[in-house]
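I have placed the structure first, in the form of structure tokens, so that the comments after it can refer back to it.
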Amino acid sequence: MNMQIRFALNTHCKVLERYLSLRFDVVDVSQEHYYQQFTEFEGGRVVGLRKGGFSFRDIVVRLGRNVSTMHDCWQQWSREGTASRRPGSGRPRGTTEREDRRVRRMAVAHRNASVAEIPAAVGTTVTQRTVAIRLLQGQLQARCRVACIPLTPNHCRLRHEWCQARDLWRTEWRSVVFSDESRFCLGASDGRVLVRRRPGERLQPTCLRPRHTGPTPGVMVWGAISYDSKSTLVVIPRTLTANLYVSLVIQSVVLPFLNSIQAGVFQQDNSRPHTAVVTQHALQSVDMLPWPARSPDVSLIEHVWDITGRQLQRHPQPALTVPALTSQGQHA
């Protein structure tokens with residue numbers, strides 16, 4: 001009698017354990033596969049397992065799907081003789097996946113091609129809107145070209161050699177003085193300043209940016225920076241020549257500024273006023289940093305000019321005259 005009771009209790013515990021495991025498995029599986037589509041292959045497996053005598057709960061454990069999904073699949077097979085998904089509602093796609101890949105390849109191969117030219121090139125008859133949507137799905141968005149400096153292979157080689165020669169510089173950069181000229185114009189905009197407007201407000205005075213139709217008036221300045229100091233900002237009153245550069249910049253600012261820096265090294269680009277004989281003679285006692293051609297992006301002072309230009313554009317009282325622009329530039 002005790003043996004029978006023990007056997008019955010063991011059997012009951014095993015059944016209860018299997019029931020609980022199936023119950024919790026169903027809950028976890030339904031949450032895990034909630035957003036996954038039920039494929040035709042899985043439908044075929046449901047039909048095969050069901051015909052093999054498996055219960056719906058056993059099929060759930062094997063396939064990891066919801067019980068109601070398995071039941072609906074079997075009911076569809078019983079009624080229609082098929083377990084494939086019914087076609088969804090809505091407008092069918094105008095292009096196939098192969099045509100989508102051709103559209104994207106065409107856009108990458110010909111960067112300037114418009115959405116009107118791409119369908120004719122790939123041989124499809126879809127609308128321009130469909131092409132634009134396919135390009136956006138492929139993360140191919142229309143953007144303005146990034147301005148760059150045209151470099152020849154010789155320019156690239158010289159720039160690479162210049163960087164390699166100073167690859168191990170650390171504290172040496174603290175004694176380098178970077179210098180350059182820059183021009184700031186009235187009403188200049190780089191597209192960073194945006195306005196918010198409603199449809200129809202395009203020509204509102206607060207949404208307009210005045211610009212000059214002729215040569216834009218402005219001011220040219222010269223400046224220099226080092227690791228922990230900066231020079232005075234020199235205003236260039238007229239076209240910069242070698243003699244004007246020596247008298248106004250070299251003798252008045254550069255030489256005194258370099259004397260205040262221990263073992264100072266002067267940097268300037270290769271423009272004509274900088275490479276003239278009179279300029280080289282004035283700088284013969286100064287340690288010069290060799291500079292590769294067409295390398296304004298290497299000079300650190302270009303970041304200073306960019307910051308200054310942004311501050312002038314965001315000034316609460318934009319300058320309307322050249323003297324006002326000069327004053328704002330000196331205090332920027």
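Identifiers in the structure tokens: chain A, B, ... in order shown; residue index from 1 per chain; ligand index from 1 in order shown.
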Write out as a ChimeraX atom specification all residues of region 118-290 of chain A that DSSP puts in helix (DSSP H, G or I) for this structure's backbone. /A:118-122,128-137,153-165,171-175,205-207,242-259,272-275,277-282
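Interatomic distance, CA of Ala293 (chain A) against CA of Pro256 (chain A): 27.2 Å.
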Using only C-alpha atoms, which protein or nucleic acid residues come within 10 Å of Arg45 (chain A)? Drop anything in the same chain fewer than 4 positions from it, and give the result as a PyMOL selection string. chain A and resi 40-41+49-51+59+62-63+83
Considering only C-alpha atoms, can you say which of A:Lys230, A:His110, A:Arg134, A:Arg314 comes closest to Leu194 (chain A)? A:Arg314
Write out as a PyMOL selection string which residues come within 10 Å of Arg196 (chain A) when counting only C-alpha atoms, dropping same-chain ones fewer than 6 positions away. chain A and resi 202+206-207
Export of the given selection (all heavy atoms) as a PDB file, in the first residue's frame:
```pdb
ATOM      1  N   ARG A 202       8.059  83.073 -46.206  1.00  0.00           N
ATOM      2  CA  ARG A 202       9.402  83.022 -46.769  1.00  0.00           C
ATOM      3  C   ARG A 202       9.999  84.404 -46.987  1.00  0.00           C
ATOM      4  O   ARG A 202      11.204  84.613 -46.837  1.00  0.00           O
ATOM      5  CB  ARG A 202       9.359  82.254 -48.089  1.00  0.00           C
ATOM      6  CG  ARG A 202      10.701  82.076 -48.784  1.00  0.00           C
ATOM      7  CD  ARG A 202      10.571  81.072 -49.904  1.00  0.00           C
ATOM      8  NE  ARG A 202      11.808  80.971 -50.659  1.00  0.00           N
ATOM      9  CZ  ARG A 202      12.070  81.639 -51.772  1.00  0.00           C
ATOM     10  NH1 ARG A 202      11.147  82.477 -52.257  1.00  0.00           N
ATOM     11  NH2 ARG A 202      13.208  81.509 -52.409  1.00  0.00           N
ATOM     12  N   THR A 206      11.897  89.376 -41.194  1.00  0.00           N
ATOM     13  CA  THR A 206      12.697  88.673 -40.179  1.00  0.00           C
ATOM     14  C   THR A 206      13.270  87.355 -40.701  1.00  0.00           C
ATOM     15  O   THR A 206      14.100  86.738 -40.026  1.00  0.00           O
ATOM     16  CB  THR A 206      11.837  88.399 -38.936  1.00  0.00           C
ATOM     17  OG1 THR A 206      10.651  87.673 -39.332  1.00  0.00           O
ATOM     18  CG2 THR A 206      11.444  89.700 -38.273  1.00  0.00           C
ATOM     19  N   CYS A 207      12.827  86.917 -41.871  1.00  0.00           N
ATOM     20  CA  CYS A 207      13.307  85.662 -42.439  1.00  0.00           C
ATOM     21  C   CYS A 207      14.275  85.887 -43.598  1.00  0.00           C
ATOM     22  O   CYS A 207      14.652  84.918 -44.275  1.00  0.00           O
ATOM     23  CB  CYS A 207      12.128  84.803 -42.915  1.00  0.00           C
ATOM     24  SG  CYS A 207      10.954  84.373 -41.616  1.00  0.00           S
TER      25      CYS A 207
END
```
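Of the residues under consideration (A:Cys163, A:Val146, A:Ile118, A:Val176), A:Ile118 shows the shortest atom-to-atom contact distance to Arg105 (chain A) when counting only C-alpha atoms.
Here CA of Leu312 (chain A) stands at a distance of 27.3 Å from CA of Pro273 (chain A).
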